[in-house]
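Below is the file input_7.csv, which contains CSV, C-alpha atoms.
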chain,number,residue,atom,x,y,z
A,1,MET,CA,-12.8,56.7,-18.7
A,2,ALA,CA,-16.4,56.2,-18.3
A,3,SER,CA,-18.4,57.2,-21.3
A,4,SER,CA,-21.2,59.7,-21.0
A,5,TYR,CA,-24.8,58.6,-20.9
A,6,LYS,CA,-28.1,60.5,-20.9
A,7,CYS,CA,-31.0,59.9,-18.6
A,8,ALA,CA,-34.1,58.8,-20.5
A,9,ARG,CA,-36.4,60.7,-18.1
A,10,CYS,CA,-34.7,63.9,-17.0
A,11,LYS,CA,-32.3,64.1,-20.0
A,12,GLN,CA,-29.3,65.0,-17.8
A,13,LYS,CA,-25.8,63.9,-18.6
A,14,VAL,CA,-24.8,61.0,-16.3
A,15,GLU,CA,-21.5,59.3,-15.6
A,16,ILE,CA,-21.7,55.7,-14.6
A,17,ASP,CA,-19.4,54.4,-11.9
A,18,VAL,CA,-21.0,51.6,-9.9
A,19,ASN,CA,-24.7,51.8,-10.2
A,20,VAL,CA,-26.7,52.1,-13.4
A,21,ARG,CA,-29.0,54.8,-12.1
A,22,CYS,CA,-29.5,58.5,-12.7
A,23,PRO,CA,-28.2,60.4,-9.6
A,24,TYR,CA,-30.6,63.2,-10.3
A,25,CYS,CA,-34.0,61.4,-10.7
A,26,GLY,CA,-33.2,57.8,-9.9
A,27,HIS,CA,-34.3,56.5,-13.3
A,28,ARG,CA,-32.6,53.4,-14.4
A,29,ILE,CA,-32.8,53.7,-18.2
A,30,LEU,CA,-29.8,55.6,-19.7
A,31,PHE,CA,-28.9,56.2,-23.3
A,32,LYS,CA,-25.4,56.0,-24.5
A,33,GLU,CA,-24.4,59.2,-26.3
A,34,ARG,CA,-22.8,59.3,-29.7
A,35,GLY,CA,-19.1,60.0,-29.6
A,36,ALA,CA,-17.6,63.1,-31.3
A,37,ALA,CA,-15.4,61.1,-33.6
A,38,ILE,CA,-16.1,61.0,-37.3
A,39,LYS,CA,-17.1,57.5,-38.4
A,40,GLU,CA,-15.6,56.3,-41.7
A,41,LEU,CA,-17.5,53.5,-43.4
A,42,LYS,CA,-17.5,51.6,-46.7
A,43,ALA,CA,-20.9,51.8,-48.4
A,44,ARG,CA,-21.4,48.0,-48.7
B,1,MET,CA,-23.0,38.5,-86.6
B,2,GLU,CA,-25.7,41.1,-86.7
B,3,ILE,CA,-27.6,43.2,-84.2
B,4,GLN,CA,-31.1,44.5,-85.0
B,5,PHE,CA,-32.8,46.8,-82.6
B,6,ALA,CA,-36.5,46.5,-82.0
B,7,SER,CA,-36.5,49.4,-79.6
B,8,LEU,CA,-33.8,51.6,-78.2
B,9,ASP,CA,-33.9,54.6,-75.8
B,10,ASP,CA,-31.8,55.7,-72.8
B,11,ALA,CA,-33.7,53.6,-70.3
B,12,ALA,CA,-34.4,50.3,-72.1
B,13,SER,CA,-33.7,48.4,-75.3
B,14,ARG,CA,-34.7,45.2,-77.0
B,15,PHE,CA,-32.6,43.8,-79.8
B,16,THR,CA,-31.9,40.6,-81.8
B,17,LEU,CA,-28.4,39.2,-82.0
B,18,SER,CA,-28.1,36.8,-84.9
B,19,GLY,CA,-25.3,34.5,-86.0
B,20,ALA,CA,-23.6,34.4,-82.6
B,21,SER,CA,-22.6,31.4,-80.5
B,22,PRO,CA,-24.2,30.8,-77.1
B,23,ALA,CA,-20.8,31.7,-75.5
B,24,PHE,CA,-20.7,35.0,-77.2
B,25,ALA,CA,-24.3,35.9,-76.2
B,26,ASN,CA,-23.5,35.1,-72.6
B,27,ALA,CA,-20.3,37.0,-72.8
B,28,LEU,CA,-22.2,40.1,-74.0
B,29,ARG,CA,-24.7,39.7,-71.2
B,30,ARG,CA,-22.0,39.3,-68.5
B,31,ALA,CA,-20.0,42.2,-69.9
B,32,MET,CA,-23.0,44.5,-69.8
B,33,ILE,CA,-23.7,43.6,-66.2
B,34,ALA,CA,-20.2,43.4,-64.7
B,35,ASP,CA,-17.6,45.1,-66.9
B,36,VAL,CA,-19.1,48.5,-67.7
B,37,PRO,CA,-18.0,51.1,-65.1
B,38,THR,CA,-20.4,53.5,-63.3
B,39,LEU,CA,-20.3,55.8,-60.3
B,40,ALA,CA,-21.5,54.6,-56.9
B,41,ILE,CA,-20.9,55.8,-53.4
B,42,GLU,CA,-18.2,53.9,-51.7
B,43,ASP,CA,-16.7,55.8,-48.8
B,44,VAL,CA,-18.9,57.5,-46.3
B,45,ARG,CA,-17.8,59.8,-43.4
B,46,ILE,CA,-20.5,60.3,-40.9
B,47,TYR,CA,-20.2,63.4,-38.8
B,48,ASP,CA,-23.5,63.1,-37.0
B,49,ASN,CA,-26.3,60.7,-37.1
B,50,THR,CA,-29.1,60.7,-34.5
B,51,SER,CA,-31.6,59.0,-36.9
B,52,ALA,CA,-33.2,55.7,-36.3
B,53,LEU,CA,-30.9,53.9,-38.7
B,54,PHE,CA,-27.4,52.7,-37.9
B,55,ASP,CA,-24.5,54.3,-39.7
B,56,GLU,CA,-23.7,51.1,-41.5
B,57,MET,CA,-27.3,50.7,-42.8
B,58,LEU,CA,-27.3,54.3,-43.9
B,59,ALA,CA,-24.0,53.9,-45.8
B,60,HIS,CA,-25.3,50.8,-47.5
B,61,ARG,CA,-28.4,52.6,-48.6
B,62,LEU,CA,-26.3,55.5,-50.0
B,63,GLY,CA,-24.2,53.0,-51.9
B,64,LEU,CA,-27.2,51.7,-53.8
B,65,ILE,CA,-28.3,55.1,-55.2
B,66,PRO,CA,-27.7,55.2,-59.0
B,67,ILE,CA,-25.6,58.2,-60.0
B,68,THR,CA,-25.6,59.8,-63.5
B,69,THR,CA,-22.1,58.9,-64.9
B,70,ASP,CA,-20.2,60.7,-67.7
B,71,LEU,CA,-17.5,58.2,-68.6
B,72,THR,CA,-15.7,60.8,-70.7
B,73,ALA,CA,-15.1,62.9,-67.5
B,74,TYR,CA,-14.4,60.0,-65.2
B,75,GLN,CA,-12.3,56.9,-65.5
B,76,SER,CA,-12.2,53.6,-63.7
B,77,ARG,CA,-10.5,53.7,-60.3
B,78,ASP,CA,-8.0,50.9,-61.2
B,79,ALA,CA,-7.0,52.7,-64.4
B,80,CYS,CA,-6.6,56.1,-62.7
B,81,SER,CA,-3.2,57.8,-62.2
B,82,CYS,CA,-4.0,58.1,-58.4
B,83,ASN,CA,-3.8,54.3,-58.1
B,84,GLY,CA,-7.2,54.0,-56.6
B,85,ALA,CA,-6.6,56.5,-53.9
B,86,GLY,CA,-9.5,58.7,-55.2
B,87,CYS,CA,-8.9,61.9,-57.1
B,88,PRO,CA,-11.3,64.2,-59.1
B,89,ALA,CA,-10.7,62.1,-62.2
B,90,CYS,CA,-12.2,59.0,-60.7
B,91,SER,CA,-14.4,60.1,-57.8
B,92,VAL,CA,-17.0,62.7,-56.8
B,93,THR,CA,-17.8,64.0,-53.3
B,94,PHE,CA,-21.3,64.5,-52.0
B,95,THR,CA,-22.3,66.3,-48.8
B,96,LEU,CA,-25.6,65.8,-47.0
B,97,SER,CA,-26.9,67.8,-44.1
B,98,ALA,CA,-30.5,67.4,-42.8
B,99,GLU,CA,-32.5,68.0,-39.7
B,100,GLY,CA,-35.9,66.6,-38.9
B,101,PRO,CA,-38.7,66.4,-39.3
B,102,LYS,CA,-38.3,65.3,-42.9
B,103,VAL,CA,-37.6,62.4,-45.1
B,104,VAL,CA,-34.1,62.6,-46.4
B,105,VAL,CA,-34.0,61.8,-50.1
B,106,SER,CA,-31.3,61.3,-52.7
B,107,GLY,CA,-31.9,64.8,-54.0
B,108,ASP,CA,-30.6,66.2,-50.6
B,109,LEU,CA,-27.1,64.9,-51.6
B,110,ILE,CA,-25.1,67.9,-52.8
B,111,PRO,CA,-22.6,66.9,-55.4
B,112,GLN,CA,-19.2,68.5,-56.0
B,113,ASP,CA,-19.7,68.0,-59.8
B,114,PRO,CA,-23.2,69.2,-60.9
B,115,LYS,CA,-23.2,66.6,-63.7
B,116,ALA,CA,-22.8,63.6,-61.3
B,117,VAL,CA,-26.1,63.7,-59.6
B,118,PRO,CA,-28.4,60.9,-58.3
B,119,VAL,CA,-30.5,59.6,-61.2
B,120,HIS,CA,-33.7,60.0,-59.3
B,121,ALA,CA,-34.0,62.9,-56.7
B,122,ALA,CA,-36.8,61.2,-54.7
B,123,ILE,CA,-35.2,58.0,-53.4
B,124,PRO,CA,-35.8,57.9,-49.7
B,125,ILE,CA,-32.7,57.4,-47.5
B,126,VAL,CA,-34.0,57.8,-44.0
B,127,LYS,CA,-36.9,59.4,-42.2
B,128,LEU,CA,-36.0,61.9,-39.5
B,129,VAL,CA,-38.4,63.0,-36.7
B,130,LYS,CA,-38.1,66.3,-34.9
B,131,GLY,CA,-34.7,66.8,-33.3
B,132,GLN,CA,-32.9,64.1,-35.3
B,133,LYS,CA,-29.9,65.2,-37.3
B,134,LEU,CA,-27.8,63.8,-40.1
B,135,VAL,CA,-24.6,65.2,-41.4
B,136,LEU,CA,-22.3,63.2,-43.7
B,137,GLU,CA,-19.9,63.3,-46.6
B,138,ALA,CA,-19.9,60.6,-49.2
B,139,LYS,CA,-17.4,59.8,-51.9
B,140,ALA,CA,-18.6,58.1,-55.1
B,141,VAL,CA,-16.0,56.2,-57.2
B,142,VAL,CA,-16.0,54.7,-60.6
B,143,ALA,CA,-15.8,50.9,-60.6
B,144,THR,CA,-17.5,47.8,-62.2
B,145,GLY,CA,-20.2,45.4,-61.2
B,146,LYS,CA,-17.6,42.7,-60.8
B,147,GLU,CA,-16.5,44.3,-57.5
B,148,HIS,CA,-20.0,45.0,-56.1
B,149,ALA,CA,-23.5,45.0,-57.5
B,150,LYS,CA,-24.0,48.7,-56.7
B,151,TRP,CA,-21.7,49.4,-59.7
B,152,GLN,CA,-23.9,47.5,-62.2
B,153,PRO,CA,-25.3,49.8,-64.8
B,154,THR,CA,-28.1,47.4,-65.8
B,155,LEU,CA,-31.3,46.4,-64.0
B,156,VAL,CA,-32.8,43.8,-66.4
B,157,CYS,CA,-30.2,42.3,-68.6
B,158,GLY,CA,-30.9,38.9,-70.2
B,159,TYR,CA,-31.6,37.0,-73.4
B,160,LYS,CA,-33.5,34.1,-74.8
B,161,ASN,CA,-33.2,32.1,-78.0
B,162,HIS,CA,-35.4,33.3,-80.8
B,163,PRO,CA,-38.6,31.1,-80.7
B,164,VAL,CA,-39.7,29.1,-83.7
B,165,ILE,CA,-43.3,27.9,-83.8
B,166,THR,CA,-44.3,25.4,-86.5
B,167,ILE,CA,-47.9,24.3,-87.0
B,168,GLY,CA,-48.3,20.9,-88.7
B,169,ASP,CA,-50.9,19.6,-91.1
B,170,THR,CA,-52.7,17.7,-88.3
B,171,CYS,CA,-53.9,21.0,-86.7
B,172,ASP,CA,-57.7,21.1,-86.7
B,173,ALA,CA,-58.0,24.6,-85.2
B,174,CYS,CA,-59.6,23.4,-82.0
B,175,GLY,CA,-58.2,26.4,-80.2
B,176,MET,CA,-57.0,24.6,-77.1
B,177,CYS,CA,-53.4,26.0,-77.5
B,178,VAL,CA,-54.8,29.5,-78.1
B,179,ASP,CA,-56.6,29.4,-74.7
B,180,GLU,CA,-53.6,27.9,-73.0
B,181,CYS,CA,-50.9,30.4,-74.2
B,182,PRO,CA,-50.1,32.7,-71.3
B,183,ARG,CA,-48.6,35.4,-73.6
B,184,GLU,CA,-51.6,35.2,-75.9
B,185,ILE,CA,-49.6,35.0,-79.1
B,186,LEU,CA,-51.7,32.4,-80.9
B,187,THR,CA,-54.9,32.9,-82.9
B,188,VAL,CA,-57.2,30.8,-85.0
B,189,LYS,CA,-56.8,31.8,-88.6
B,190,GLY,CA,-59.1,30.0,-91.0
B,191,LYS,CA,-58.8,26.2,-90.5
B,192,LYS,CA,-55.5,26.4,-88.7
B,193,VAL,CA,-53.8,28.0,-85.7
B,194,ALA,CA,-51.3,30.8,-86.4
B,195,VAL,CA,-49.0,33.1,-84.6
B,196,ALA,CA,-50.5,36.6,-84.2
B,197,ALA,CA,-48.6,39.2,-86.3
B,198,GLY,CA,-45.5,40.6,-84.6
B,199,LYS,CA,-46.0,38.5,-81.4
B,200,LEU,CA,-43.6,35.6,-82.1
B,201,SER,CA,-40.8,37.2,-80.1
B,202,GLU,CA,-43.0,37.3,-77.0
B,203,CYS,CA,-43.1,33.5,-76.8
B,204,SER,CA,-41.4,32.4,-73.6
B,205,LEU,CA,-40.8,28.8,-74.9
B,206,CYS,CA,-43.0,27.4,-72.1
B,207,ARG,CA,-44.5,24.7,-74.4
B,208,LEU,CA,-47.9,24.8,-72.7
B,209,CYS,CA,-49.4,24.9,-76.2
B,210,GLU,CA,-47.8,21.6,-77.1
B,211,ARG,CA,-49.2,20.0,-73.9
B,212,ALA,CA,-52.7,21.4,-74.6
B,213,CYS,CA,-52.5,20.0,-78.2
B,214,ILE,CA,-51.6,16.5,-76.9
B,215,SER,CA,-54.4,16.6,-74.3
B,216,THR,CA,-57.0,16.9,-77.1
B,217,GLY,CA,-56.2,13.3,-78.0
B,218,ILE,CA,-54.4,14.1,-81.3
B,219,GLY,CA,-51.8,11.3,-80.6
B,220,GLU,CA,-48.2,11.2,-79.6
B,221,GLU,CA,-47.0,14.1,-81.7
B,222,PRO,CA,-48.6,17.6,-81.1
B,223,ALA,CA,-49.6,19.6,-84.2
B,224,ILE,CA,-47.9,22.7,-82.8
B,225,LYS,CA,-44.2,22.6,-82.1
B,226,VAL,CA,-42.1,25.1,-80.2
B,227,SER,CA,-38.4,25.2,-80.7
B,228,ALA,CA,-35.6,27.8,-80.6
B,229,GLU,CA,-33.2,29.1,-83.1
B,230,PRO,CA,-29.8,28.1,-81.8
B,231,ASP,CA,-27.8,31.1,-83.0
B,232,ARG,CA,-30.4,33.9,-82.7
B,233,TYR,CA,-31.1,35.7,-79.4
B,234,ILE,CA,-33.5,38.3,-78.2
B,235,PHE,CA,-31.8,40.6,-75.6
B,236,VAL,CA,-33.6,42.8,-73.2
B,237,VAL,CA,-31.5,45.4,-71.5
B,238,GLU,CA,-32.6,48.0,-69.0
B,239,SER,CA,-30.4,50.7,-67.5
B,240,ASP,CA,-30.6,52.1,-64.0
B,241,GLY,CA,-30.2,55.5,-65.5
B,242,SER,CA,-26.5,56.0,-64.7
B,243,LEU,CA,-25.6,55.3,-68.4
B,244,PRO,CA,-27.7,55.3,-71.5
B,245,VAL,CA,-28.4,51.7,-72.8
B,246,LYS,CA,-26.5,52.5,-76.0
B,247,GLU,CA,-23.4,53.4,-74.0
B,248,ILE,CA,-23.7,50.2,-72.0
B,249,ILE,CA,-23.9,48.0,-75.1
B,250,LYS,CA,-21.0,49.9,-76.8
B,251,ARG,CA,-18.7,49.7,-73.7
B,252,ALA,CA,-19.5,46.0,-73.2
B,253,LEU,CA,-18.6,45.1,-76.8
B,254,LYS,CA,-15.4,47.2,-76.5
B,255,HIS,CA,-14.6,45.3,-73.4
B,256,ILE,CA,-15.0,41.9,-75.1
B,257,LYS,CA,-12.9,43.1,-78.0
B,258,GLY,CA,-10.2,44.4,-75.7
B,259,GLN,CA,-10.1,41.1,-73.8
B,260,SER,CA,-9.8,39.0,-77.0
B,261,ASP,CA,-7.1,41.3,-78.4
B,262,GLU,CA,-5.2,40.9,-75.1
B,263,LEU,CA,-5.6,37.1,-75.4
B,264,GLU,CA,-4.4,37.1,-79.0
B,265,HIS,CA,-1.4,39.3,-78.0
B,266,LYS,CA,-0.5,36.9,-75.1
B,267,ILE,CA,-0.7,33.8,-77.4
B,268,ARG,CA,1.6,35.5,-79.9
B,269,GLU,CA,4.0,36.3,-77.1
B,270,ILE,CA,4.1,32.7,-76.0
B,271,SER,CA,4.4,31.3,-79.4
B,272,GLY,CA,7.1,33.9,-80.3
B,273,ASP,CA,5.2,35.1,-83.4
B,274,ASP,CA,5.2,38.9,-83.0
B,275,LYS,CA,5.4,39.8,-86.7
B,276,LYS,CA,1.7,40.1,-87.4
Will you turn the file into structure tokens for me?
Amino acid sequence: MASSYKCARCKQKVEIDVNVRCPYCGHRILFKERGAAIKELKAR
Amino acid sequence: MEIQFASLDDAASRFTLSGASPAFANALRRAMIADVPTLAIEDVRIYDNTSALFDEMLAHRLGLIPITTDLTAYQSRDACSCNGAGCPACSVTFTLSAEGPKVVVSGDLIPQDPKAVPVHAAIPIVKLVKGQKLVLEAKAVVATGKEHAKWQPTLVCGYKNHPVITIGDTCDACGMCVDECPREILTVKGKKVAVAAGKLSECSLCRLCERACISTGIGEEPAIKVSAEPDRYIFVVESDGSLPVKEIIKRALKHIKGQSDELEHKIREISGDDKK
């Protein structure tokens, strides 16, 4: 499953399939959103 | 063997250890650094982090925060009945929830046990701008500096041999050594150079005074000589605040005693002499 991205210009949620481009505004810079999972780490 | 304190408070101490071997002095230093347990954050669960720092970086920064430790209430993780799994007898949980704009500091960590708090409340963890969020849970456990430096209770912990400065008859009080000494422990007294009152222990054994003395053309042998007492040591111990210095010294000495008792016991076992 494609992970969700966020457009850097229009802030809309974007799914990437073939092109790395926002379908709403055409901007090509997308941010990958943080997943919902809890991250467990060692403090080292 | 004798210990004489020059100063002692919760944060720092300076003492003289006399009549001990170099091996024992070093054993004491090492035990104070690596064998006295303290609390430090070990496991971090990050629920949300939209700050500029990576989760790993954040966890690392949390681990290095010194936490006030009451060793009568907590015991070392290895010695605990939970076998290191983490129970209320060997660990404390902290929660942190913050939203920007603000600088998240150690005081924002909310402990489960009000006694186990960060030593300083103003240690910066991360700076959040408007809209950034940080929610996490951290578990501090009791362990020793042997495992990771974050569990060290000491900051400065070292020793040097007690200095001995002898001034020979050839001294003409030219004052070259007095000017050269970086610690300013020498003075001209009458027709000779002398060590200023109470300043001998500050000598770092750098021997710049000897070099200055020779450079005056006095000959092969300098009039001032710096040496060290082989069985007397000046210790300087500073605590990070998790434990008082007195407790660190006591625990370190107990640890050394425990280890030597154990060794003695093992040797008796091997030699089959269990009577004594």
task = Find the residues around stretch 3-14 of chain A up to 9 Å (all atoms listed in the file counted), leave out those fewer than 3 positions away in its own chain, and share them as a PyMOL selection string.
result = chain A and resi 21-25+27-35
key: Counting all atoms listed in the file, the option among B:Thr50, B:Thr38, B:Gln112, B:Thr16 closest to B:Asn161   =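 Smallest distance to B:Asn161 is found for B:Thr16.
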ask   = Smallest atom-to-atom distance to B:Thr69: which of B:Ser81, B:Thr187, B:Ser204, B:Ser91, using all atoms listed in the file?
value = B:Ser91
request  = Can you check which residues of chain B have any atom within 10 Å of chain A? Use only C-alpha atoms and format it as a PyMOL selection string.
outcome  = chain B and resi 40-50+55-64+136-140+148-150
ask   = What is the atom CA of B:Arg183 to atom CA of B:Gly217 distance in Å?
value = 23.8 Å
message = Need the shell around B:Asp172: protein/DNA/RNA residues with any atom at most 9 Å away, counting all atoms listed in the file. Skip same-chain ones fewer than 2 positions apart. Format as a ChimeraX atom specification?
response = /B:169-170,174-175,191-193,223
query = List as a ChimeraX atom specification: which residues have an atom within 12 Å of (-47.9, 43.1, -80.9), counting all atoms listed in the file?
reply = /B:6,183-186,195-203
Would you put the residues from that selection into a file with C-alpha atoms, as a PDB file, keeping the file's coordinate frame?
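The resulting file, result-v2.pdb, is shown below:
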ATOM      1  CA  ALA B   6     -36.500  46.500 -82.000  1.00  0.00           C
ATOM      2  CA  ARG B 183     -48.600  35.400 -73.600  1.00  0.00           C
ATOM      3  CA  GLU B 184     -51.600  35.200 -75.900  1.00  0.00           C
ATOM      4  CA  ILE B 185     -49.600  35.000 -79.100  1.00  0.00           C
ATOM      5  CA  LEU B 186     -51.700  32.400 -80.900  1.00  0.00           C
ATOM      6  CA  VAL B 195     -49.000  33.100 -84.600  1.00  0.00           C
ATOM      7  CA  ALA B 196     -50.500  36.600 -84.200  1.00  0.00           C
ATOM      8  CA  ALA B 197     -48.600  39.200 -86.300  1.00  0.00           C
ATOM      9  CA  GLY B 198     -45.500  40.600 -84.600  1.00  0.00           C
ATOM     10  CA  LYS B 199     -46.000  38.500 -81.400  1.00  0.00           C
ATOM     11  CA  LEU B 200     -43.600  35.600 -82.100  1.00  0.00           C
ATOM     12  CA  SER B 201     -40.800  37.200 -80.100  1.00  0.00           C
ATOM     13  CA  GLU B 202     -43.000  37.300 -77.000  1.00  0.00           C
ATOM     14  CA  CYS B 203     -43.100  33.500 -76.800  1.00  0.00           C
TER      15      CYS B 203
END
ask   = So what do you get for atom CA of B:Thr144 versus atom CA of B:Glu262, distance-wise?
value = 19.1 Å
Straight-line distance linking atom CA of B:Cys206 with atom CA of B:Ser239, stated in Å to one decimal =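 About the pair atom CA of B:Cys206 and atom CA of B:Ser239: they are 26.9 Å apart.
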query = Using only C-alpha atoms, which of B:Ile33, B:Ile3, B:Val117, B:Ala20 sits nearest B:Ser242?
reply =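 Closest candidate: B:Val117.
Between B:Ala23 and the residues B:Glu147, B:Asp108, B:Glu221, B:Asp231, the shortest atom-to-atom distance, using all atoms listed in the file, involves B:Asp231.
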Could you pull stretch 15-44 of chain A out of the structure just shown and give N, CA and C atoms as an mmCIF file, in the first residue's frame?
data_model
loop_
_atom_site.group_PDB
_atom_site.id
_atom_site.type_symbol
_atom_site.label_atom_id
_atom_site.label_comp_id
_atom_site.auth_asym_id
_atom_site.auth_seq_id
_atom_site.Cartn_x
_atom_site.Cartn_y
_atom_site.Cartn_z
ATOM 1 N N GLU A 15 -1.722 10.579 -2.466
ATOM 2 C CA GLU A 15 -1.272 9.192 -2.622
ATOM 3 C C GLU A 15 -0.374 9.147 -3.853
ATOM 4 N N ILE A 16 0.787 8.543 -3.733
ATOM 5 C CA ILE A 16 1.681 8.478 -4.892
ATOM 6 C C ILE A 16 1.468 7.158 -5.609
ATOM 7 N N ASP A 17 1.204 7.165 -6.911
ATOM 8 C CA ASP A 17 1.201 5.904 -7.652
ATOM 9 C C ASP A 17 2.329 5.867 -8.675
ATOM 10 N N VAL A 18 2.258 6.729 -9.696
ATOM 11 C CA VAL A 18 3.317 6.729 -10.703
ATOM 12 C C VAL A 18 4.150 8.005 -10.602
ATOM 13 N N ASN A 19 3.484 9.144 -10.668
ATOM 14 C CA ASN A 19 4.212 10.415 -10.661
ATOM 15 C C ASN A 19 4.340 10.989 -9.264
ATOM 16 N N VAL A 20 5.509 11.560 -9.002
ATOM 17 C CA VAL A 20 5.671 12.296 -7.749
ATOM 18 C C VAL A 20 5.213 13.722 -8.026
ATOM 19 N N ARG A 21 3.930 13.957 -7.884
ATOM 20 C CA ARG A 21 3.358 15.268 -8.188
ATOM 21 C C ARG A 21 2.006 15.372 -7.501
ATOM 22 N N CYS A 22 1.713 16.532 -6.940
ATOM 23 C CA CYS A 22 0.427 16.731 -6.275
ATOM 24 C C CYS A 22 -0.676 16.852 -7.330
ATOM 25 N N PRO A 23 -1.721 16.011 -7.246
ATOM 26 C CA PRO A 23 -2.779 16.071 -8.262
ATOM 27 C C PRO A 23 -3.646 17.327 -8.148
ATOM 28 N N TYR A 24 -3.545 18.008 -7.013
ATOM 29 C CA TYR A 24 -4.408 19.183 -6.799
ATOM 30 C C TYR A 24 -3.757 20.470 -7.289
ATOM 31 N N CYS A 25 -2.451 20.630 -7.015
ATOM 32 C CA CYS A 25 -1.811 21.893 -7.392
ATOM 33 C C CYS A 25 -0.585 21.708 -8.280
ATOM 34 N N GLY A 26 -0.184 20.463 -8.508
ATOM 35 C CA GLY A 26 0.936 20.221 -9.409
ATOM 36 C C GLY A 26 2.313 20.383 -8.783
ATOM 37 N N HIS A 27 2.353 20.687 -7.490
ATOM 38 C CA HIS A 27 3.638 20.861 -6.803
ATOM 39 C C HIS A 27 4.356 19.518 -6.707
ATOM 40 N N ARG A 28 5.680 19.575 -6.790
ATOM 41 C CA ARG A 28 6.420 18.308 -6.822
ATOM 42 C C ARG A 28 7.185 18.036 -5.534
ATOM 43 N N ILE A 29 6.953 18.844 -4.525
ATOM 44 C CA ILE A 29 7.599 18.555 -3.232
ATOM 45 C C ILE A 29 6.542 18.005 -2.278
ATOM 46 N N LEU A 30 6.757 16.773 -1.836
ATOM 47 C CA LEU A 30 5.795 16.124 -0.936
ATOM 48 C C LEU A 30 6.510 15.702 0.339
ATOM 49 N N PHE A 31 5.806 15.809 1.444
ATOM 50 C CA PHE A 31 6.363 15.346 2.719
ATOM 51 C C PHE A 31 5.756 14.006 3.071
ATOM 52 N N LYS A 32 6.574 13.116 3.584
ATOM 53 C CA LYS A 32 6.044 11.830 4.039
ATOM 54 C C LYS A 32 5.502 12.026 5.451
ATOM 55 N N GLU A 33 4.307 11.587 5.693
ATOM 56 C CA GLU A 33 3.666 11.763 7.001
ATOM 57 C C GLU A 33 4.140 10.694 7.973
ATOM 58 N N ARG A 34 4.158 11.077 9.244
ATOM 59 C CA ARG A 34 4.542 10.122 10.273
ATOM 60 C C ARG A 34 3.436 9.085 10.448
ATOM 61 N N GLY A 35 3.828 7.824 10.592
ATOM 62 C CA GLY A 35 2.847 6.770 10.766
ATOM 63 C C GLY A 35 2.216 6.807 12.153
ATOM 64 N N ALA A 36 1.142 6.061 12.363
ATOM 65 C CA ALA A 36 0.417 6.105 13.625
ATOM 66 C C ALA A 36 1.044 5.196 14.676
ATOM 67 N N ALA A 37 1.953 4.333 14.251
ATOM 68 C CA ALA A 37 2.527 3.347 15.172
ATOM 69 C C ALA A 37 3.378 4.016 16.241
ATOM 70 N N ILE A 38 3.384 3.424 17.440
ATOM 71 C CA ILE A 38 4.214 3.929 18.528
ATOM 72 C C ILE A 38 5.628 3.433 18.292
ATOM 73 N N LYS A 39 6.586 4.332 18.389
ATOM 74 C CA LYS A 39 7.976 3.942 18.150
ATOM 75 C C LYS A 39 8.663 3.671 19.482
ATOM 76 N N GLU A 40 9.211 2.495 19.628
ATOM 77 C CA GLU A 40 9.918 2.146 20.870
ATOM 78 C C GLU A 40 11.406 2.170 20.620
ATOM 79 N N LEU A 41 12.115 2.907 21.476
ATOM 80 C CA LEU A 41 13.548 3.092 21.261
ATOM 81 C C LEU A 41 14.320 2.883 22.546
ATOM 82 N N LYS A 42 15.612 2.603 22.380
ATOM 83 C CA LYS A 42 16.528 2.581 23.511
ATOM 84 C C LYS A 42 17.164 3.965 23.564
ATOM 85 N N ALA A 43 17.284 4.512 24.759
ATOM 86 C CA ALA A 43 17.860 5.856 24.898
ATOM 87 C C ALA A 43 19.377 5.770 24.922
ATOM 88 N N ARG A 44 20.000 5.472 23.774
ATOM 89 C CA ARG A 44 21.469 5.340 23.742
ATOM 90 C C ARG A 44 22.055 6.107 22.573
#
